[in-house]
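Undergrad: Shown below is the structure under consideration.
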Amino acid sequence: MDITFKNVNYTYQINSPLATVGLKNINLKFKSGTYTAIIGQTGSGKSTLLQHLNALLRPTSGEVIVGSQVVTSTTKNKELYDLRGKVGLVFQFPESQLFEETVLKDVAFAPKNFGKSEDEANRIAKEALHLVGIDESLINKMPFDLSGGQMRRVAIAGVLAMEPEVLVLDEPTAGLDPLGRQQIMDLFLKIHRERHLTTILVTHQMDDVVNYADDVVVMEHGAVIKFGTPRDVFADLQWLNQHNLELPGTGQLVQQLVQKGFEFERLPLTEDELITALKPQLEQGVENG
Amino acid sequence: MTEQPIIRVKNVTYSYPYADKPALNKINLTIQAGQWVAIVGHNGSGKSTLAKTFNGLIEPQSGEIYFNGKLLNEETVFDVRSKLGIVFQNPDNQFVGATVADDVAFGMENNGVPRDEMITRVEAALRQVHMWDYRHQEPARLSGGQKQRVALAGVLAQRPQVIILDEATSMLDPQGRREIINLMTQLRQDGNFTIISITHDVDEAALTDQLVVIDDGVLVNTGTPSELFADPEQLHRHGLTVPLSARISQQLRTADYALPDRYLNDRQLVDELWTLHSKM
C-alpha cells in the first residue's frame with residue numbers, strides 16, 4: 001500500500017502558549033512493498049511521523065494518503081476504521097500493552113475487534129504465534145508469566161494477527177539481548193517478504209538500517225533532511241557527523257583503518273562488506289612480503 | 001586471596017513462585033572491592049535476579065550472601081542496603097521528586113541525613129553526573145540519558161560502596177548510552193566504588209575488569225573481557241555477542257590471515273592488520 005505525505009505540518013497543543021512544532025513540511029512517499037528506516041536523534045520527530053501513518057495524529061495542515069484513504073486535519077475518527085485495520089503499529093516496549101488472561105486471548109483480541117468470529121480469530125492468533133516462534137504449549141499461559149523476550153513476541157503476534165498491509169515498527173528490539181534482536185529483525189524481514197508488506201522501521205540501530213532497509217529517511221528538528229538508500233545516506237561521513245548521526249558498527253573501525261592508511265572506495269557498511277574490502281589489501285601484503 | 005571480597009555469593013539457589021526451574025542454581029561468586037564487574041546473559045538468564053540477592057530484594061531459598069564478610073540476614077540487610085545503590089532499567093520508573101535536586105535528596109531524607117549535609121551531597125552528586133545546571137528542572141522533562149544520570153546521582157549521594165547498574169543503559173538512545181558509559185568510566189577512575197553492570201551491551205562489558213556469564217540461572221564462566229572475547233562461539237551459545245573487532249578477527253583468522261589467536265580491540269586489530277598490509 002503506497003503512503004504519501006503531502007506538505008504535512010503538525011503542531012502539538014496548537015493555539016496554546018505551549019504549542020510546539022512536531023513536523024515541518026513533510027513530503028515523502030513510502031512505496032508499496034518497500035522497507036524504509038527512519039532515523040534521527042531523540043526528539044527529531046520520528047515518532048510524531050509514525051503516529052500519522054495510522055492517523056493516531058492528524059496533520060495540522062497538509063495530507064497523509066494511505067492507500068485510498070486521505071487523512072487531513074478534518075478527517076473524522078469513524079472514517080478511519082478501515083485504515084486502522086490495515087496499518088499495524090508495534091510501539092516501543094509493546095509488551096507493556098499486554099492485558100488479557102491468556103496469550104491466545106491477547107493475540108486474538110485484534111481480529112475479534114475487527115469483526116472475526118471467535119474460531120476464526122483463534123485460528124489467526126495461533127498462526128501469528130507460530131510465526132513469531134511462540135510454542136503451542138505457552139498459549140494458555142498468562143502473558144505476564146512469560147520472559148521479557150517471549151512477551152515481546154506475543155505483543156508482536158498481536159499486531160500481526162490484524163493481518164495488516166503496512167507494518168510500522170518503533171524501535172522493536174530495544175532492550176533485547178543481541179541474539180533476540182537478530183531473531184526479531186529476521187522475523188520482520190521474513191514477514192515483510194512473505195506477506196508483501198510495506199514496512200516502516202524507526203530505529204537507532206544503524207546496523208539494522210544497513211542490513212534490512214531499502215530506503216532511509218533522516219529527520220532533524222521535525223523535518224526530513226535526507227531520503228535515499230542506506231548507501232547514499234552513509235556515503236558522506238562529514239555530513240553524518242555534522243548532524244550527530246551514528247554510523248553502522250563498522251564505521252568507527254573503518255575510520256581507524258583509514259587513518260592508518262587503508263583505502264576504501266566507499267564505506268563498508270556491514271561486516272561482510274568490510275571483510276571483502278579488507279582482503280585484497282591484505283593479500284597484496286602476503287603475496288609481496 | 002588476602003583481601004576480603006566486598007560481595008561473596010555462596011551456593012545460592014532461588015526459584016520464583018510457581019516456576020518449573022530455578023532462576024538461580026547454586027551460584028558461587030566473589031566480587032573484589034574496587035572492581036568493575038559485568039554480569040552478562042541473555043534476557044531471562046537470571047542476571048537481574050542475581051543482582052537482587054545482593055541487597056536482599058530477593059531472599060535465596062538456600063545459600064548465603066556475604067557483604068564485606070558479614071552474612072546478609074534480617075539484622076544486616078538495612079546496613080547493606082545503605083551501602084549498595086541500584087540504578088534500574090527504566091528511567092521513567094524511578095522518580096519521586098518534583099525537581100531534580102529533590103529527587104536526589106529523597107534517599108537521604110529516608111535515611112535521616114541532616115539537612116546541611118544533604119544540601120552539600122546533592123550538589124556534589126549532581127556535579128559528578130554533570131546535571132547540576134538542571135537542579136531546578138522537572139525530572140519528566142529530561143532526556144532518557146539525563147534521567148539515568150539523575151538516578152545515578154541519587155545513588156551517589158548516599159555514598160554507597162557498591163553501585164549496581166541493572167540494564168541502566170538498555171532503554172536509552174545511543175547518545176544516552178554513551179553518556180552513562182562515559183560517566184561510569186570516569187567514576188571508575190575516581191575510585192572508591194565497586195561497580196556491577198548487569199548488561200548485554202557488549203561495548204559496556206568490554207570496559208569492565210571481569211565478566212560473569214549467566215545462562216539459565218547457572219554461572220557458566222568468569223574471566224576478563226579479553227579472555228572471554230577470545231572465544232566468540234562460547235558467548236554466542238549463551239545468546240551473547242563479542243565486539244565487532246573480535247568478529248572481524250575471527251573471520252580473517254578462519255580465512256588464514258596471520259592474526260594472533262587472542263582478543264584484539266579496535267586499535268590492536270588495526271595495528272595487526274597494518275603489519276599484514278605494509279609487508280609489501
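In the C-alpha cells, chains take letters A, B, ... by order of appearance, with residues numbered from 1 within each chain and ligands from 1 in the order shown.
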Neighbours of region 63-66 of chain A within 12 Å (only C-alpha atoms; same-chain residues fewer than 3 positions away dropped), as a PyMOL selection string?

TA: chain A and resi 1-10+25-32+49-60+69-75+80+82-87+165-166+198

Undergrad: Write out as a list in words the residues lying within 6 Å of Tyr66 (chain B), counting only C-alpha atoms and excluding same-chain residues fewer than 5 positions away.

TA: Ile7, Arg8, Leu71 and Leu72 of chain B

Undergrad: Would you write out those residues with all heavy atoms, as a short mmCIF file (atom, residue, chain, number, x, y, z; two decimals), in the first residue's frame?

TA:
```cif
data_model
loop_
_atom_site.label_atom_id
_atom_site.label_comp_id
_atom_site.auth_asym_id
_atom_site.auth_seq_id
_atom_site.Cartn_x
_atom_site.Cartn_y
_atom_site.Cartn_z
N ILE B 7 31.66 -8.61 47.97
CA ILE B 7 30.46 -9.45 47.90
C ILE B 7 30.90 -10.89 47.68
O ILE B 7 31.76 -11.17 46.84
CB ILE B 7 29.53 -9.01 46.75
CG1 ILE B 7 28.90 -7.65 47.07
CG2 ILE B 7 28.40 -10.04 46.53
CD1 ILE B 7 28.10 -7.08 45.94
N ARG B 8 30.32 -11.78 48.44
CA ARG B 8 30.59 -13.19 48.24
C ARG B 8 29.25 -13.93 48.19
O ARG B 8 28.44 -13.81 49.10
CB ARG B 8 31.46 -13.70 49.37
CG ARG B 8 31.85 -15.13 49.18
CD ARG B 8 33.19 -15.42 49.84
NE ARG B 8 33.28 -16.86 49.99
CZ ARG B 8 33.31 -17.48 51.15
NH1 ARG B 8 33.31 -16.80 52.27
NH2 ARG B 8 33.35 -18.79 51.20
N LEU B 71 27.41 -11.81 57.00
CA LEU B 71 26.30 -12.56 56.42
C LEU B 71 25.08 -11.64 56.26
O LEU B 71 24.71 -10.91 57.18
CB LEU B 71 25.94 -13.75 57.32
CG LEU B 71 24.75 -14.60 56.85
CD1 LEU B 71 25.10 -15.36 55.56
CD2 LEU B 71 24.35 -15.60 57.94
N LEU B 72 24.46 -11.70 55.08
CA LEU B 72 23.25 -10.91 54.85
C LEU B 72 22.07 -11.65 55.49
O LEU B 72 21.76 -12.78 55.13
CB LEU B 72 23.03 -10.77 53.33
CG LEU B 72 21.83 -9.96 52.87
CD1 LEU B 72 21.98 -8.50 53.23
CD2 LEU B 72 21.66 -10.09 51.36
#
```

Undergrad: Any idea which chain A residues end up within 10 Å of chain B if we count only C-alpha atoms, as a VMD selection string please?

TA: chain A and resid 41 to 43 92 to 93 145 to 150 174 to 180 203 to 205 244 to 246 249 to 250 252 to 254 256 to 262 271 to 272 274 to 275 278 to 289

Undergrad: For Thr53 (chain B), work out the shell of residues within 9 Å, counting only C-alpha atoms and skipping chain neighbours fewer than 4 positions away, then give it as JSON, numbers by chain.

TA: {"B": [9, 12, 48, 49, 57, 58, 59, 60, 65]}

Undergrad: Just the selected residues (N, CA and C atoms), exported as a CSV table (one decimal), in the first residue's frame, please.

TA:
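And here is the file that came out, selection.csv:
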```csv
chain,number,residue,atom,x,y,z
B,9,VAL,N,29.0,-14.6,47.1
B,9,VAL,CA,27.8,-15.4,46.9
B,9,VAL,C,28.2,-16.9,47.1
B,12,VAL,N,24.2,-20.1,46.1
B,12,VAL,CA,22.8,-19.5,46.1
B,12,VAL,C,21.9,-20.1,45.1
B,48,SER,N,19.6,-10.4,36.5
B,48,SER,CA,19.0,-9.4,37.3
B,48,SER,C,18.5,-10.0,38.7
B,49,THR,N,18.1,-11.2,38.6
B,49,THR,CA,17.7,-11.9,39.8
B,49,THR,C,18.9,-12.0,40.8
B,57,LEU,N,16.8,-7.9,48.1
B,57,LEU,CA,15.5,-7.7,47.5
B,57,LEU,C,14.8,-9.0,47.2
B,58,ILE,N,15.7,-10.0,46.9
B,58,ILE,CA,15.3,-11.4,46.8
B,58,ILE,C,16.1,-12.2,47.8
B,59,GLU,N,15.3,-13.1,48.5
B,59,GLU,CA,15.9,-13.9,49.5
B,59,GLU,C,16.1,-15.3,49.0
B,60,PRO,N,17.3,-15.8,48.8
B,60,PRO,CA,17.5,-17.1,48.2
B,60,PRO,C,16.9,-18.2,49.2
B,65,ILE,N,24.7,-15.0,51.2
B,65,ILE,CA,25.4,-13.8,50.7
B,65,ILE,C,26.2,-13.1,51.8
```

Undergrad: I need the residues in region 126-157 of chain B that are helix (DSSP H, G or I) according to DSSP; give them as a list in words.

TA: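 After running DSSP on the backbone, region 126-157 of chain B has helix (DSSP H, G or I) at Leu126, Arg127, Gln128, Trp132, Asp133, Tyr134, Pro139, Ala140, Arg141, Gly144, Gly145, Gln146, Lys147, Gln148, Arg149, Val150, Ala151, Leu152, Ala153, Gly154, Val155 and Leu156 of chain B.
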
Undergrad: Residues at most 12 Å from Ala124 (chain B), counting only C-alpha atoms, excluding those fewer than 3 positions away in the same chain, as a list in words?

TA: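 My reading of the contact set: Ala101, Val104, Ala105, Glu117, Met118, Ile119, Thr120, Arg121, Arg127, Gln128, Val129, His130, Met131, Trp132, Arg135, Ala153, Gly154, Val155, Leu156, Ala157, Gln158 and Arg159 of chain B.
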
Undergrad: Quick one: pick out all strand (DSSP E) residues within region 135-243 of chain A from a backbone DSSP run and write them as a compact mmCIF listing (two decimals) with N, CA and C atoms, in the first residue's frame.

TA:
```txt
# COMPACT_ATOMS: atom_id res chain seq x y z
N VAL A 166 0.39 -2.70 6.17
CA VAL A 166 1.52 -1.84 6.49
C VAL A 166 1.95 -2.18 7.91
N LEU A 167 3.25 -2.41 8.09
CA LEU A 167 3.77 -2.74 9.42
C LEU A 167 4.68 -1.60 9.86
N VAL A 168 4.32 -0.97 10.98
CA VAL A 168 5.07 0.17 11.47
C VAL A 168 5.74 -0.24 12.78
N LEU A 169 7.06 -0.12 12.84
CA LEU A 169 7.83 -0.64 13.98
C LEU A 169 8.60 0.49 14.64
N ASP A 170 8.30 0.75 15.92
CA ASP A 170 9.00 1.81 16.64
C ASP A 170 10.02 1.18 17.58
N THR A 198 4.31 -3.32 3.39
CA THR A 198 5.07 -2.08 3.36
C THR A 198 5.53 -1.88 4.79
N THR A 199 6.84 -1.85 5.00
CA THR A 199 7.35 -1.83 6.38
C THR A 199 8.10 -0.54 6.66
N ILE A 200 7.81 0.04 7.82
CA ILE A 200 8.47 1.28 8.21
C ILE A 200 9.03 1.10 9.61
N LEU A 201 10.34 1.28 9.74
CA LEU A 201 11.05 0.98 10.98
C LEU A 201 11.71 2.24 11.53
N VAL A 202 11.37 2.61 12.76
CA VAL A 202 12.11 3.67 13.43
C VAL A 202 13.18 3.02 14.28
N ASP A 215 15.25 1.84 1.90
CA ASP A 215 15.40 3.30 1.90
C ASP A 215 15.55 3.81 3.33
N VAL A 216 16.09 5.01 3.44
CA VAL A 216 16.26 5.64 4.75
C VAL A 216 15.73 7.07 4.70
N VAL A 217 14.96 7.43 5.73
CA VAL A 217 14.53 8.82 5.91
C VAL A 217 15.32 9.35 7.11
N VAL A 218 16.00 10.50 6.92
CA VAL A 218 16.72 11.09 8.05
C VAL A 218 15.96 12.32 8.52
N MET A 219 15.64 12.37 9.81
CA MET A 219 14.88 13.51 10.34
C MET A 219 15.71 14.33 11.31
N GLU A 220 15.42 15.62 11.34
CA GLU A 220 16.06 16.52 12.29
C GLU A 220 15.10 17.67 12.56
N ALA A 223 11.87 17.92 10.56
CA ALA A 223 11.90 17.96 9.09
C ALA A 223 12.69 16.78 8.54
N VAL A 224 12.41 16.43 7.28
CA VAL A 224 13.19 15.40 6.61
C VAL A 224 14.42 16.08 6.00
N ILE A 225 15.62 15.64 6.40
CA ILE A 225 16.82 16.29 5.85
C ILE A 225 17.51 15.41 4.81
N LYS A 226 17.10 14.16 4.71
CA LYS A 226 17.66 13.33 3.65
C LYS A 226 16.77 12.12 3.42
N PHE A 227 16.68 11.69 2.16
CA PHE A 227 15.97 10.47 1.81
C PHE A 227 16.78 9.75 0.76
N GLY A 228 17.07 8.48 0.97
CA GLY A 228 17.83 7.75 -0.04
C GLY A 228 18.08 6.33 0.41
```

Undergrad: Suppose you want the space between CA of Ile181 (chain B) and CA of Leu259 (chain B); what is it in Å?

TA: 29.6 Å

Undergrad: For CA of Met185 (chain A) and CA of Thr36 (chain A), determine how far apart the two atoms are, in Å to one decimal place.

TA: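 Spanning CA of Met185 (chain A) to CA of Thr36 (chain A) is a straight-line distance of 13.4 Å.
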
Undergrad: Just checking: using only C-alpha atoms, which residue out of A:Glu127, A:Glu194, A:Asp106, A:Asp208 ends up closest to Ile38 (chain A)?

TA: A:Asp208

Undergrad: I want to know what sits within 12 Å of Thr30 (chain B), based on only C-alpha atoms, with residues of the same chain fewer than 2 positions away left out; could you give that as a list in words?

TA: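 Contacts, in chain order: Met1, Glu3, Gln4, Pro5, Ile6, Ile7, Arg8, Val9, Lys10, Asn11, Ile27, Asn28, Gln32, Ala33, Gln35, Val37, Phe54, Glu64, Ile65, Tyr66, Phe67, Asn68, Gly69, Ile196, Gln210, Leu211, Val212, Leu219 and Thr222 of chain B.
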
Undergrad: Keeping only N, CA and C atoms, write the selected residues as an mmCIF file, in the first residue's frame.

TA:
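Result written to selection.cif:
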```cif
data_model
loop_
_atom_site.group_PDB
_atom_site.id
_atom_site.type_symbol
_atom_site.label_atom_id
_atom_site.label_comp_id
_atom_site.auth_asym_id
_atom_site.auth_seq_id
_atom_site.Cartn_x
_atom_site.Cartn_y
_atom_site.Cartn_z
ATOM 1 N N MET B 1 43.668 -15.501 48.456
ATOM 2 C CA MET B 1 43.417 -14.048 48.404
ATOM 3 C C MET B 1 43.326 -13.473 49.822
ATOM 4 N N GLU B 3 42.680 -10.212 50.655
ATOM 5 C CA GLU B 3 41.683 -9.156 50.845
ATOM 6 C C GLU B 3 40.271 -9.733 50.922
ATOM 7 N N GLN B 4 39.496 -9.143 51.798
ATOM 8 C CA GLN B 4 38.101 -9.530 51.960
ATOM 9 C C GLN B 4 37.308 -9.134 50.722
ATOM 10 N N PRO B 5 36.613 -10.071 50.055
ATOM 11 C CA PRO B 5 35.795 -9.640 48.925
ATOM 12 C C PRO B 5 34.628 -8.768 49.407
ATOM 13 N N ILE B 6 34.210 -7.812 48.587
ATOM 14 C CA ILE B 6 33.097 -6.951 49.009
ATOM 15 C C ILE B 6 31.781 -7.735 48.975
ATOM 16 N N ILE B 7 31.658 -8.608 47.966
ATOM 17 C CA ILE B 7 30.463 -9.449 47.902
ATOM 18 C C ILE B 7 30.896 -10.893 47.681
ATOM 19 N N ARG B 8 30.316 -11.781 48.445
ATOM 20 C CA ARG B 8 30.586 -13.186 48.238
ATOM 21 C C ARG B 8 29.251 -13.928 48.194
ATOM 22 N N VAL B 9 29.033 -14.637 47.106
ATOM 23 C CA VAL B 9 27.798 -15.395 46.904
ATOM 24 C C VAL B 9 28.168 -16.855 47.052
ATOM 25 N N LYS B 10 27.492 -17.540 47.983
ATOM 26 C CA LYS B 10 27.887 -18.913 48.271
ATOM 27 C C LYS B 10 26.710 -19.845 48.034
ATOM 28 N N ASN B 11 26.822 -20.629 46.965
ATOM 29 C CA ASN B 11 25.870 -21.707 46.717
ATOM 30 C C ASN B 11 24.411 -21.254 46.712
ATOM 31 N N ILE B 27 24.730 -20.759 42.691
ATOM 32 C CA ILE B 27 25.696 -19.762 42.208
ATOM 33 C C ILE B 27 26.775 -19.506 43.252
ATOM 34 N N ASN B 28 28.011 -19.537 42.834
ATOM 35 C CA ASN B 28 29.153 -19.148 43.657
ATOM 36 C C ASN B 28 29.916 -18.043 42.939
ATOM 37 N N GLN B 32 35.586 -8.543 44.138
ATOM 38 C CA GLN B 32 36.573 -7.807 44.924
ATOM 39 C C GLN B 32 36.237 -6.323 44.935
ATOM 40 N N ALA B 33 36.529 -5.666 46.054
ATOM 41 C CA ALA B 33 36.265 -4.233 46.176
ATOM 42 C C ALA B 33 37.058 -3.462 45.127
ATOM 43 N N GLN B 35 36.528 -3.230 41.968
ATOM 44 C CA GLN B 35 36.459 -3.732 40.596
ATOM 45 C C GLN B 35 35.208 -3.235 39.877
ATOM 46 N N VAL B 37 32.625 -4.997 37.537
ATOM 47 C CA VAL B 37 32.254 -6.340 37.108
ATOM 48 C C VAL B 37 30.991 -6.272 36.271
ATOM 49 N N PHE B 54 21.879 -9.509 46.129
ATOM 50 C CA PHE B 54 23.000 -8.838 46.796
ATOM 51 C C PHE B 54 22.541 -7.939 47.931
ATOM 52 N N GLU B 64 24.150 -18.504 50.841
ATOM 53 C CA GLU B 64 24.363 -17.292 51.633
ATOM 54 C C GLU B 64 25.011 -16.196 50.808
ATOM 55 N N ILE B 65 24.738 -14.959 51.227
ATOM 56 C CA ILE B 65 25.395 -13.794 50.652
ATOM 57 C C ILE B 65 26.183 -13.116 51.772
ATOM 58 N N TYR B 66 27.435 -12.787 51.499
ATOM 59 C CA TYR B 66 28.231 -12.034 52.464
ATOM 60 C C TYR B 66 28.580 -10.687 51.873
ATOM 61 N N PHE B 67 28.387 -9.627 52.659
ATOM 62 C CA PHE B 67 28.764 -8.283 52.233
ATOM 63 C C PHE B 67 29.868 -7.830 53.162
ATOM 64 N N ASN B 68 31.054 -7.582 52.623
ATOM 65 C CA ASN B 68 32.207 -7.245 53.462
ATOM 66 C C ASN B 68 32.425 -8.273 54.553
ATOM 67 N N GLY B 69 32.177 -9.512 54.235
ATOM 68 C CA GLY B 69 32.414 -10.574 55.203
ATOM 69 C C GLY B 69 31.257 -10.827 56.156
ATOM 70 N N ILE B 196 28.916 -2.804 39.553
ATOM 71 C CA ILE B 196 28.413 -4.042 38.953
ATOM 72 C C ILE B 196 27.427 -3.680 37.853
ATOM 73 N N GLN B 210 36.018 -7.632 34.915
ATOM 74 C CA GLN B 210 35.669 -9.047 34.985
ATOM 75 C C GLN B 210 34.264 -9.257 34.438
ATOM 76 N N LEU B 211 34.093 -10.302 33.649
ATOM 77 C CA LEU B 211 32.768 -10.686 33.175
ATOM 78 C C LEU B 211 32.315 -11.940 33.898
ATOM 79 N N VAL B 212 31.037 -11.959 34.219
ATOM 80 C CA VAL B 212 30.432 -13.149 34.807
ATOM 81 C C VAL B 212 29.290 -13.536 33.874
ATOM 82 N N LEU B 219 25.939 -20.110 36.645
ATOM 83 C CA LEU B 219 27.124 -19.327 36.309
ATOM 84 C C LEU B 219 27.996 -20.193 35.398
ATOM 85 N N THR B 222 33.569 -17.157 34.130
ATOM 86 C CA THR B 222 34.018 -15.824 34.521
ATOM 87 C C THR B 222 35.397 -15.611 33.942
#
```

Undergrad: Within 12 Å of region 133-136 of chain A, counting only C-alpha atoms, which residues qualify if same-chain residues fewer than 2 places away don't, as a VMD selection string?

TA: chain A and resid 103 to 104 107 125 to 131 138 to 141 143 146 to 147 149 to 158 180 183 to 184 186 to 187

Undergrad: Dump N, CA, C and O atoms for the selected residues as a compact mmCIF listing (two decimals), in the first residue's frame?

TA:
```
# COMPACT_ATOMS: atom_id res chain seq x y z
N VAL A 103 -2.30 -15.87 26.68
CA VAL A 103 -1.56 -15.45 25.49
C VAL A 103 -2.49 -15.46 24.26
O VAL A 103 -2.55 -14.50 23.50
N LEU A 104 -3.24 -16.56 24.12
CA LEU A 104 -4.09 -16.71 22.94
C LEU A 104 -5.16 -15.60 22.89
O LEU A 104 -5.37 -14.98 21.86
N VAL A 107 -3.71 -12.24 21.77
CA VAL A 107 -3.41 -12.13 20.35
C VAL A 107 -4.70 -12.13 19.51
O VAL A 107 -4.79 -11.45 18.48
N ALA A 125 -4.85 -16.11 15.39
CA ALA A 125 -3.94 -15.85 16.51
C ALA A 125 -2.90 -16.96 16.63
O ALA A 125 -1.72 -16.70 16.82
N LYS A 126 -3.35 -18.21 16.48
CA LYS A 126 -2.41 -19.33 16.59
C LYS A 126 -1.36 -19.25 15.49
O LYS A 126 -0.18 -19.52 15.71
N GLU A 127 -1.82 -18.88 14.30
CA GLU A 127 -0.91 -18.76 13.18
C GLU A 127 0.15 -17.68 13.47
O GLU A 127 1.34 -17.88 13.23
N ALA A 128 -0.32 -16.54 13.99
CA ALA A 128 0.59 -15.44 14.27
C ALA A 128 1.60 -15.84 15.36
O ALA A 128 2.78 -15.51 15.29
N LEU A 129 1.12 -16.57 16.38
CA LEU A 129 2.01 -17.01 17.46
C LEU A 129 3.06 -17.98 16.94
O LEU A 129 4.22 -17.94 17.34
N HIS A 130 2.62 -18.85 16.03
CA HIS A 130 3.56 -19.78 15.42
C HIS A 130 4.64 -19.01 14.66
O HIS A 130 5.84 -19.30 14.75
N LEU A 131 4.18 -18.01 13.92
CA LEU A 131 5.08 -17.20 13.10
C LEU A 131 6.18 -16.52 13.94
O LEU A 131 7.33 -16.44 13.53
N LEU A 138 2.61 -22.66 25.28
CA LEU A 138 2.55 -21.43 26.07
C LEU A 138 1.24 -20.66 25.89
O LEU A 138 0.98 -19.71 26.62
N ILE A 139 0.40 -21.08 24.93
CA ILE A 139 -0.68 -20.17 24.53
C ILE A 139 -1.79 -20.02 25.56
O ILE A 139 -2.54 -19.08 25.52
N ASN A 140 -1.87 -20.97 26.52
CA ASN A 140 -2.88 -20.79 27.56
C ASN A 140 -2.31 -20.24 28.86
O ASN A 140 -2.99 -20.17 29.87
N LYS A 141 -1.05 -19.82 28.81
CA LYS A 141 -0.43 -19.20 30.00
C LYS A 141 -0.83 -17.74 30.10
O LYS A 141 -1.24 -17.12 29.12
N PRO A 143 0.09 -14.02 29.98
CA PRO A 143 1.21 -13.35 29.30
C PRO A 143 2.29 -12.90 30.28
O PRO A 143 3.47 -12.92 29.96
N LEU A 146 5.43 -15.05 31.21
CA LEU A 146 6.48 -15.32 30.22
C LEU A 146 7.70 -14.45 30.49
O LEU A 146 7.63 -13.47 31.23
N SER A 147 8.81 -14.80 29.86
CA SER A 147 10.00 -13.96 29.96
C SER A 147 9.82 -12.71 29.11
O SER A 147 8.92 -12.64 28.27
N GLY A 149 11.50 -11.51 26.63
CA GLY A 149 11.63 -11.75 25.20
C GLY A 149 10.38 -12.41 24.63
O GLY A 149 9.91 -12.07 23.54
N GLN A 150 9.81 -13.35 25.40
CA GLN A 150 8.59 -14.02 24.95
C GLN A 150 7.41 -13.04 24.92
O GLN A 150 6.61 -13.04 23.99
N MET A 151 7.33 -12.19 25.96
CA MET A 151 6.24 -11.21 25.99
C MET A 151 6.31 -10.29 24.76
O MET A 151 5.30 -9.93 24.17
N ARG A 152 7.54 -9.93 24.40
CA ARG A 152 7.72 -9.06 23.23
C ARG A 152 7.16 -9.75 21.98
O ARG A 152 6.46 -9.15 21.17
N ARG A 153 7.44 -11.05 21.84
CA ARG A 153 6.96 -11.80 20.68
C ARG A 153 5.43 -11.90 20.67
O ARG A 153 4.81 -11.79 19.62
N VAL A 154 4.86 -12.12 21.84
CA VAL A 154 3.40 -12.21 21.92
C VAL A 154 2.78 -10.88 21.49
O VAL A 154 1.81 -10.84 20.72
N ALA A 155 3.35 -9.79 21.96
CA ALA A 155 2.82 -8.47 21.61
C ALA A 155 2.92 -8.24 20.10
O ALA A 155 2.01 -7.69 19.48
N ILE A 156 4.00 -8.70 19.51
CA ILE A 156 4.18 -8.55 18.06
C ILE A 156 3.16 -9.43 17.33
O ILE A 156 2.54 -8.99 16.34
N ALA A 157 2.93 -10.65 17.85
CA ALA A 157 1.92 -11.53 17.25
C ALA A 157 0.56 -10.83 17.26
O ALA A 157 -0.23 -10.97 16.32
N GLY A 158 0.28 -10.10 18.33
CA GLY A 158 -0.99 -9.38 18.43
C GLY A 158 -1.19 -8.40 17.29
O GLY A 158 -2.31 -8.21 16.79
N GLY A 180 18.35 -12.21 20.55
CA GLY A 180 16.92 -11.91 20.47
C GLY A 180 16.66 -10.81 19.45
O GLY A 180 15.70 -10.86 18.68
N GLN A 183 16.99 -12.23 15.95
CA GLN A 183 15.85 -13.09 15.63
C GLN A 183 14.62 -12.28 15.27
O GLN A 183 13.93 -12.56 14.29
N ILE A 184 14.35 -11.25 16.06
CA ILE A 184 13.16 -10.43 15.81
C ILE A 184 13.29 -9.68 14.48
O ILE A 184 12.35 -9.60 13.70
N ASP A 186 15.10 -10.55 11.88
CA ASP A 186 14.98 -11.52 10.79
C ASP A 186 13.51 -11.90 10.57
O ASP A 186 13.07 -12.08 9.44
N LEU A 187 12.80 -12.01 11.69
CA LEU A 187 11.38 -12.34 11.62
C LEU A 187 10.61 -11.26 10.84
O LEU A 187 9.81 -11.57 9.95
```

Undergrad: List the neighbours of Thr194 (chain B) out to 7 Å using only C-alpha atoms; skip same-chain residues closer than 4 positions along the sequence, and give me the result as a PDB file with C-alpha atoms, in the first residue's frame.

TA:
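Now in selection.pdb:
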```
ATOM      1  CA  ALA B  33      36.265  -4.233  46.176  1.00  0.00           C
ATOM      2  CA  GLY B  34      37.136  -1.560  43.625  1.00  0.00           C
ATOM      3  CA  GLN B  35      36.459  -3.732  40.596  1.00  0.00           C
ATOM      4  CA  TRP B  36      34.060  -3.071  37.752  1.00  0.00           C
ATOM      5  CA  GLN B 161      30.371   1.264  48.412  1.00  0.00           C
ATOM      6  CA  VAL B 162      28.762  -0.651  45.576  1.00  0.00           C
ATOM      7  CA  ILE B 163      26.772   0.672  42.624  1.00  0.00           C
TER       8      ILE B 163
END
```

Undergrad: Quote the spacing between CA of Met184 (chain B) and CA of Gln94 (chain B) in Å to one decimal place.

TA: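 The value is 19.1 Å.
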